[in-house]
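protein-v3.cif, holding mmCIF, C-alpha atoms and all ligand atoms:
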data_input
#
loop_
_atom_site.label_atom_id
_atom_site.label_comp_id
_atom_site.auth_asym_id
_atom_site.auth_seq_id
_atom_site.Cartn_x
_atom_site.Cartn_y
_atom_site.Cartn_z
CA MET W 1293 26.40 -91.74 -12.35
CA LEU W 1294 29.73 -93.26 -13.29
CA SER W 1295 31.65 -90.71 -15.38
CA ILE W 1296 34.31 -92.96 -16.85
CA ALA W 1297 37.77 -92.24 -18.26
CA VAL W 1298 39.18 -95.19 -20.22
CA PHE W 1299 42.98 -95.43 -20.41
CA GLY W 1300 44.48 -97.60 -23.16
CA SER W 1301 47.57 -98.07 -25.31
CA GLY W 1302 46.39 -100.28 -28.14
CA ALA W 1303 43.52 -101.41 -30.31
CA GLY W 1304 40.82 -100.55 -27.80
CA SER W 1305 38.59 -103.58 -28.32
CA ASN W 1306 37.72 -103.67 -24.61
CA PHE W 1307 36.84 -99.99 -24.73
CA ARG W 1308 34.61 -100.68 -27.73
CA ALA W 1309 32.84 -103.45 -25.81
CA ILE W 1310 32.22 -101.13 -22.84
CA LEU W 1311 31.01 -98.30 -25.09
CA THR W 1312 28.66 -100.62 -26.98
CA ALA W 1313 27.19 -101.91 -23.71
CA ILE W 1314 26.57 -98.34 -22.53
CA GLN W 1315 25.05 -97.33 -25.89
CA GLN W 1316 22.74 -100.37 -25.77
CA GLY W 1317 21.57 -99.45 -22.27
CA ASP W 1318 23.16 -102.52 -20.66
CA ILE W 1319 25.10 -100.40 -18.16
CA PRO W 1320 22.72 -97.93 -16.54
CA ALA W 1321 24.00 -94.76 -14.95
CA ALA W 1322 27.35 -94.73 -16.74
CA ARG W 1323 28.91 -92.63 -19.48
CA ILE W 1324 32.33 -92.40 -21.15
CA SER W 1325 33.70 -88.93 -20.44
CA LEU W 1326 37.20 -89.27 -21.79
CA VAL W 1327 39.66 -91.65 -23.46
CA LEU W 1328 43.33 -91.22 -22.68
CA SER W 1329 46.28 -92.90 -24.36
CA ASN W 1330 50.06 -92.74 -24.02
CA ASN W 1331 50.22 -93.64 -27.73
CA SER W 1332 49.06 -91.00 -30.23
CA GLY W 1333 48.46 -93.64 -32.90
CA ALA W 1334 46.46 -96.01 -30.71
CA GLY W 1335 43.28 -97.47 -32.14
CA ILE W 1336 41.50 -96.67 -28.90
CA LEU W 1337 41.80 -92.92 -29.65
CA GLY W 1338 40.38 -93.46 -33.13
CA ILE W 1339 37.35 -95.27 -31.71
CA ALA W 1340 36.78 -92.41 -29.26
CA ARG W 1341 37.00 -89.78 -32.01
CA ALA W 1342 34.66 -91.75 -34.26
CA ASN W 1343 32.15 -91.62 -31.42
CA ALA W 1344 32.66 -87.89 -30.79
CA LEU W 1345 34.22 -88.56 -27.37
CA PRO W 1346 37.17 -86.59 -26.00
CA ALA W 1347 40.36 -88.44 -27.03
CA ILE W 1348 43.53 -87.25 -25.36
CA HIS W 1349 47.15 -88.23 -25.92
CA LEU W 1350 49.19 -87.84 -22.74
CA SER W 1351 52.59 -89.46 -22.33
CA ARG W 1352 55.20 -89.22 -19.60
CA LYS W 1353 57.66 -88.26 -22.37
CA GLN W 1354 55.85 -84.94 -22.89
CA PHE W 1355 56.72 -83.83 -19.35
CA PRO W 1356 59.94 -82.97 -17.54
CA ASP W 1357 59.05 -85.07 -14.50
CA GLU W 1358 56.54 -87.54 -13.09
CA ARG W 1359 54.84 -84.95 -10.92
CA SER W 1360 53.91 -82.62 -13.79
CA PHE W 1361 52.69 -85.62 -15.80
CA ALA W 1362 50.50 -86.79 -12.91
CA ASP W 1363 49.19 -83.26 -12.26
CA THR W 1364 48.17 -82.93 -15.91
CA ILE W 1365 46.36 -86.28 -15.83
CA LEU W 1366 44.51 -85.21 -12.68
CA SER W 1367 43.54 -81.78 -14.03
CA THR W 1368 42.39 -83.35 -17.33
CA LEU W 1369 40.24 -85.86 -15.44
CA GLY W 1370 38.85 -83.04 -13.31
CA ASP W 1371 38.07 -80.87 -16.34
CA HIS W 1372 35.95 -83.70 -17.78
CA GLY W 1373 34.16 -84.53 -14.53
CA VAL W 1374 35.67 -88.02 -14.34
CA ASN W 1375 34.86 -90.01 -11.18
CA PHE W 1376 35.91 -93.49 -12.35
CA ILE W 1377 38.85 -94.87 -14.37
CA ALA W 1378 38.85 -98.10 -16.41
CA LEU W 1379 42.25 -99.29 -17.63
CA ALA W 1380 41.74 -101.22 -20.88
CA GLY W 1381 45.03 -102.40 -22.35
CA TYR W 1382 46.96 -99.54 -20.72
CA MET W 1383 50.57 -100.72 -20.84
CA LYS W 1384 52.10 -97.98 -18.66
CA GLN W 1385 52.11 -97.55 -14.92
CA VAL W 1386 49.46 -95.14 -13.70
CA PRO W 1387 51.25 -92.53 -11.54
CA PRO W 1388 50.71 -93.42 -7.85
CA VAL W 1389 49.34 -89.92 -7.21
CA VAL W 1390 46.54 -90.66 -9.68
CA VAL W 1391 45.88 -94.09 -8.14
CA GLY W 1392 45.69 -92.41 -4.73
CA ALA W 1393 43.26 -89.74 -5.94
CA TYR W 1394 40.97 -92.40 -7.47
CA ARG W 1395 41.38 -95.13 -4.85
CA GLY W 1396 38.43 -97.53 -5.04
CA ARG W 1397 37.41 -95.77 -8.28
CA ILE W 1398 39.92 -97.37 -10.69
CA VAL W 1399 39.77 -100.83 -12.25
CA ASN W 1400 41.89 -102.82 -14.69
CA ILE W 1401 41.38 -105.85 -16.90
CA HIS W 1402 44.14 -108.46 -16.94
CA PRO W 1403 44.26 -111.35 -19.44
CA ALA W 1404 44.75 -114.15 -16.88
CA LEU W 1405 43.23 -115.55 -13.70
CA LEU W 1406 44.92 -113.40 -11.07
CA PRO W 1407 46.75 -113.91 -8.78
CA ARG W 1408 48.35 -116.26 -11.31
CA PHE W 1409 50.35 -114.65 -14.14
CA GLY W 1410 50.27 -111.08 -12.87
CA GLY W 1411 52.85 -108.54 -11.78
CA ALA W 1412 55.53 -106.43 -13.41
CA GLY W 1413 56.39 -107.60 -16.93
CA MET W 1414 53.24 -109.72 -17.23
CA TYR W 1415 51.29 -108.04 -19.97
CA GLY W 1416 50.10 -108.70 -23.50
CA MET W 1417 51.37 -111.88 -25.17
CA ARG W 1418 53.83 -112.62 -22.36
CA VAL W 1419 50.94 -113.60 -20.13
CA HIS W 1420 49.66 -116.22 -22.57
CA GLU W 1421 53.19 -117.56 -23.20
CA ALA W 1422 53.57 -118.04 -19.44
CA VAL W 1423 50.21 -119.81 -19.11
CA LEU W 1424 51.16 -122.26 -21.89
CA ALA W 1425 54.64 -122.79 -20.43
CA ALA W 1426 53.09 -123.64 -17.06
CA GLY W 1427 50.87 -126.29 -18.66
CA ASP W 1428 47.66 -124.85 -17.18
CA THR W 1429 44.45 -126.23 -18.67
CA THR W 1430 42.40 -123.16 -17.77
CA SER W 1431 43.05 -119.46 -18.23
CA GLY W 1432 40.77 -116.45 -18.35
CA ALA W 1433 40.50 -112.78 -17.49
CA THR W 1434 40.20 -110.72 -14.33
CA VAL W 1435 38.74 -107.29 -13.62
CA HIS W 1436 40.21 -105.93 -10.40
CA TYR W 1437 40.57 -102.69 -8.50
CA VAL W 1438 43.93 -101.00 -8.98
CA ASP W 1439 46.32 -100.18 -6.18
CA GLU W 1440 50.00 -99.26 -6.19
CA GLU W 1441 51.11 -102.88 -6.80
CA TYR W 1442 50.81 -104.34 -10.29
CA ASP W 1443 47.76 -106.57 -10.80
CA HIS W 1444 47.10 -106.66 -7.07
CA GLY W 1445 43.83 -105.06 -5.88
CA PRO W 1446 40.52 -106.80 -5.01
CA VAL W 1447 38.86 -108.80 -7.78
CA VAL W 1448 35.53 -107.57 -9.19
CA LEU W 1449 34.83 -110.47 -11.58
CA GLN W 1450 36.69 -113.27 -13.35
CA GLN W 1451 35.83 -115.40 -16.36
CA THR W 1452 37.55 -118.64 -17.31
CA VAL W 1453 38.36 -120.05 -20.74
CA PRO W 1454 39.85 -123.46 -21.58
CA VAL W 1455 43.43 -123.89 -22.74
CA LEU W 1456 43.15 -126.29 -25.68
CA PRO W 1457 45.63 -128.82 -27.07
CA GLY W 1458 47.75 -127.19 -29.77
CA ASP W 1459 47.15 -123.68 -28.45
CA THR W 1460 49.62 -120.98 -29.42
CA PRO W 1461 49.90 -117.76 -27.42
CA GLU W 1462 47.99 -116.02 -30.22
CA LEU W 1463 45.13 -118.53 -30.20
CA LEU W 1464 44.84 -118.38 -26.42
CA ALA W 1465 45.01 -114.56 -26.48
CA ALA W 1466 42.11 -114.39 -28.92
CA ARG W 1467 39.99 -116.72 -26.76
CA VAL W 1468 40.76 -114.72 -23.62
CA LEU W 1469 40.08 -111.42 -25.42
CA ALA W 1470 36.63 -112.63 -26.49
CA ALA W 1471 35.92 -113.42 -22.83
CA GLU W 1472 37.20 -109.97 -21.82
CA HIS W 1473 34.62 -108.34 -24.08
CA GLU W 1474 31.86 -109.95 -21.99
CA LEU W 1475 33.59 -109.63 -18.66
CA TYR W 1476 34.54 -105.94 -18.65
CA PRO W 1477 31.05 -104.58 -19.40
CA ALA W 1478 29.60 -107.02 -16.82
CA ALA W 1479 32.05 -105.83 -14.17
CA ILE W 1480 31.32 -102.15 -14.81
CA ARG W 1481 27.61 -102.90 -14.83
CA ARG W 1482 27.97 -104.54 -11.41
CA ILE W 1483 29.80 -101.49 -10.04
CA ALA W 1484 27.30 -99.03 -11.57
CA LEU W 1485 24.32 -100.95 -10.15
CA ASN W 1486 25.95 -101.21 -6.74
CA GLU W 1487 26.33 -97.43 -6.62
CA ARG W 1488 22.62 -97.03 -7.28
CA THR W 1489 21.59 -99.34 -4.44
CA PRO W 1490 19.45 -97.39 -1.91
CA GLY W 1491 21.46 -96.70 1.18
CA HIS W 1492 24.77 -96.61 -0.63
CA HIS W 1493 26.23 -93.19 -0.20
CA ARG W 1494 29.35 -91.72 -1.69
CA ASN W 1495 30.53 -88.15 -1.43
C1 LIG Z 1 43.74 -107.04 -23.41
O1 LIG Z 1 43.92 -108.42 -23.59
C2 LIG Z 1 44.05 -106.66 -21.97
O2 LIG Z 1 43.64 -107.62 -21.04
C3 LIG Z 1 45.55 -106.57 -22.01
O3 LIG Z 1 45.82 -105.93 -23.25
C4 LIG Z 1 44.78 -106.23 -24.19
C5 LIG Z 1 44.22 -104.94 -24.73
O4 LIG Z 1 43.38 -105.15 -25.83
N1 LIG Z 1 46.05 -105.83 -20.89
C6 LIG Z 1 47.21 -106.08 -20.28
O5 LIG Z 1 47.98 -106.95 -20.63
C7 LIG Z 1 47.50 -105.14 -19.12
N2 LIG Z 1 48.40 -105.77 -18.19
P1 LIG Z 1 42.42 -103.98 -26.35
O6 LIG Z 1 43.26 -102.72 -26.56
O7 LIG Z 1 41.90 -104.50 -27.67
O8 LIG Z 1 41.33 -103.78 -25.34
#
Represent the structure from my file as structure tokens, please.
Ligand code: GAR
Amino acid sequence: MLSIAVFGSGAGSNFRAILTAIQQGDIPAARISLVLSNNSGAGILGIARANALPAIHLSRKQFPDERSFADTILSTLGDHGVNFIALAGYMKQVPPVVVGAYRGRIVNIHPALLPRFGGAGMYGMRVHEAVLAAGDTTSGATVHYVDEEYDHGPVVLQQTVPVLPGDTPELLAARVLAAEHELYPAAIRRIALNERTPGHHRN
């Protein structure tokens, strides 16, 4: 059973897509155990609360140092029995101690076709501005495992969308986001099914 913590900073539309897929039975053997945001006013926390799920605001600014912040994240995840993390519009760096503790158990969605248009500073609308500036005719979204380098770990799934004549960053972002809402549940479904395969063992 995947016991998932979703980390996000914004509207939470990807979280909503994942939650809906779980509620509809499209992702077997998975549940949302916790939603965590660095932003107390984030829509993603409101969606969690409306669904009676634990919604927790934790920000680096609440702590004197990185270590105490990371320790609190880890103890919170432990308290809720979390064994898998999905970053969904989380605009902060996950402390490396947390990445290390959940290695191979933490994924992210990025609004471009990695390895293009990834790395530090490539998030939100900046990604789509860069795609348009490069003149690419295709963009898309990527779900990948997270390691200590930004937007770097192995790819789980990608989905492409066309870049159309006259596109603005906002138009392209909306098209990519719609693709994300299909891609992220599909990627988590793939991981959940893989864990249930006979012969696959995990401590
Ligand atoms: C999504 O487009 C996601 O790919 C992007 O933020 C948006 C969050 O939307 N993430 C990044 O740019 C991370 N580097 P949401 O809050 O509605 O899911």
Would you list the residues that come within 6 Å of ligand LIG 1 (chain Z)? Count all atoms listed in the file and give the answer as a PDB file with C-alpha atoms, in the frame of the given file.
ATOM      1  CA  GLY W1302      46.390-100.280 -28.140  1.00  0.00           C
ATOM      2  CA  ALA W1303      43.520-101.410 -30.310  1.00  0.00           C
ATOM      3  CA  GLY W1304      40.820-100.550 -27.800  1.00  0.00           C
ATOM      4  CA  SER W1305      38.590-103.580 -28.320  1.00  0.00           C
ATOM      5  CA  ASN W1306      37.720-103.670 -24.610  1.00  0.00           C
ATOM      6  CA  PHE W1307      36.840 -99.990 -24.730  1.00  0.00           C
ATOM      7  CA  ALA W1380      41.740-101.220 -20.880  1.00  0.00           C
ATOM      8  CA  GLY W1381      45.030-102.400 -22.350  1.00  0.00           C
ATOM      9  CA  TYR W1382      46.960 -99.540 -20.720  1.00  0.00           C
ATOM     10  CA  MET W1383      50.570-100.720 -20.840  1.00  0.00           C
ATOM     11  CA  ILE W1401      41.380-105.850 -16.900  1.00  0.00           C
ATOM     12  CA  HIS W1402      44.140-108.460 -16.940  1.00  0.00           C
ATOM     13  CA  PRO W1403      44.260-111.350 -19.440  1.00  0.00           C
ATOM     14  CA  TYR W1415      51.290-108.040 -19.970  1.00  0.00           C
ATOM     15  CA  GLY W1416      50.100-108.700 -23.500  1.00  0.00           C
ATOM     16  CA  LEU W1469      40.080-111.420 -25.420  1.00  0.00           C
TER      17      LEU W1469
END
ask   = What residues have an atom no more than 12 Å from (32.9, -90.8, -31.0) in the file's own frame, counting all atoms listed in the file, and can you write them as an MDAnalysis selection string?
value = chainID W and resid 1307:1308 1311:1312 1315 1324:1327 1336:1347
Using only C-alpha atoms, please write the residues we just selected to a file, as a compact mmCIF listing (two decimals), keeping the file's coordinate frame.
# COMPACT_ATOMS: atom_id res chain seq x y z
CA PHE W 1307 36.84 -99.99 -24.73
CA ARG W 1308 34.61 -100.68 -27.73
CA LEU W 1311 31.01 -98.30 -25.09
CA THR W 1312 28.66 -100.62 -26.98
CA GLN W 1315 25.05 -97.33 -25.89
CA ILE W 1324 32.33 -92.40 -21.15
CA SER W 1325 33.70 -88.93 -20.44
CA LEU W 1326 37.20 -89.27 -21.79
CA VAL W 1327 39.66 -91.65 -23.46
CA ILE W 1336 41.50 -96.67 -28.90
CA LEU W 1337 41.80 -92.92 -29.65
CA GLY W 1338 40.38 -93.46 -33.13
CA ILE W 1339 37.35 -95.27 -31.71
CA ALA W 1340 36.78 -92.41 -29.26
CA ARG W 1341 37.00 -89.78 -32.01
CA ALA W 1342 34.66 -91.75 -34.26
CA ASN W 1343 32.15 -91.62 -31.42
CA ALA W 1344 32.66 -87.89 -30.79
CA LEU W 1345 34.22 -88.56 -27.37
CA PRO W 1346 37.17 -86.59 -26.00
CA ALA W 1347 40.36 -88.44 -27.03
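The spacing separating atom CA of Pro1387 of chain W from atom CA of Glu1487 of chain W amounts to 25.9 Å.
Residue nearest Asp1439 of chain W, chosen from W:Ala1425, W:Val1399, W:Leu1369, W:Leu1350 and counting all atoms listed in the file: W:Val1399.
Going from atom CA of Pro1320 of chain W to atom CA of Ala1433 of chain W covers 23.2 Å.
The smallest atom-to-atom distance between Glu1440 of chain W and any of W:Arg1352, W:Arg1482, W:Arg1418, W:Arg1395, using all atoms listed in the file, is found for W:Arg1395.
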message = Just want the 8 Å neighbourhood of Ala1484 of chain W, counted on all atoms listed in the file, with same-chain residues fewer than 4 positions away dropped. Output as a PyMOL selection string.
response = chain W and resi 1293-1294+1319-1322+1480+1488
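If you measure from each of W:Tyr1394, W:Arg1359, W:Asn1400, W:Lys1353 to Val1298 of chain W using only C-alpha atoms, the closest one turns out to be W:Asn1400.
In terms of minimum interatomic distance to Met1417 of chain W, W:Thr1460 ranks closest within W:Thr1460, W:Ser1295, W:Gln1385, W:Thr1430, counting only C-alpha atoms.
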inquiry  = Can you tell me which residues surround Ala1404 of chain W at a distance of at most 10 Å, considering all atoms listed in the file, apart from same-chain residues fewer than 6 positions away, and format the answer as an MDAnalysis selection string?
reply    = chainID W and resid 1410 1414:1415 1419:1420 1422:1423 1430:1435 1450:1453 1465 1468 1472
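Using all atoms listed in the file, the smallest distance between any of W:Ile1483, W:Ile1398, W:Leu1475, W:Ala1313 and Asn1375 of chain W comes from W:Ile1398.
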ask   = What is the distance between atom CA of Glu1474 of chain W and atom CA of Ala1393 of chain W, in Å to one decimal?
value = 28.2 Å
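Of the listed residues W:Gly1370, W:Gly1413, W:Pro1477, W:Gly1333, the one whose atoms come nearest to Val1448 of chain W is W:Pro1477, with distances taken using all atoms listed in the file.
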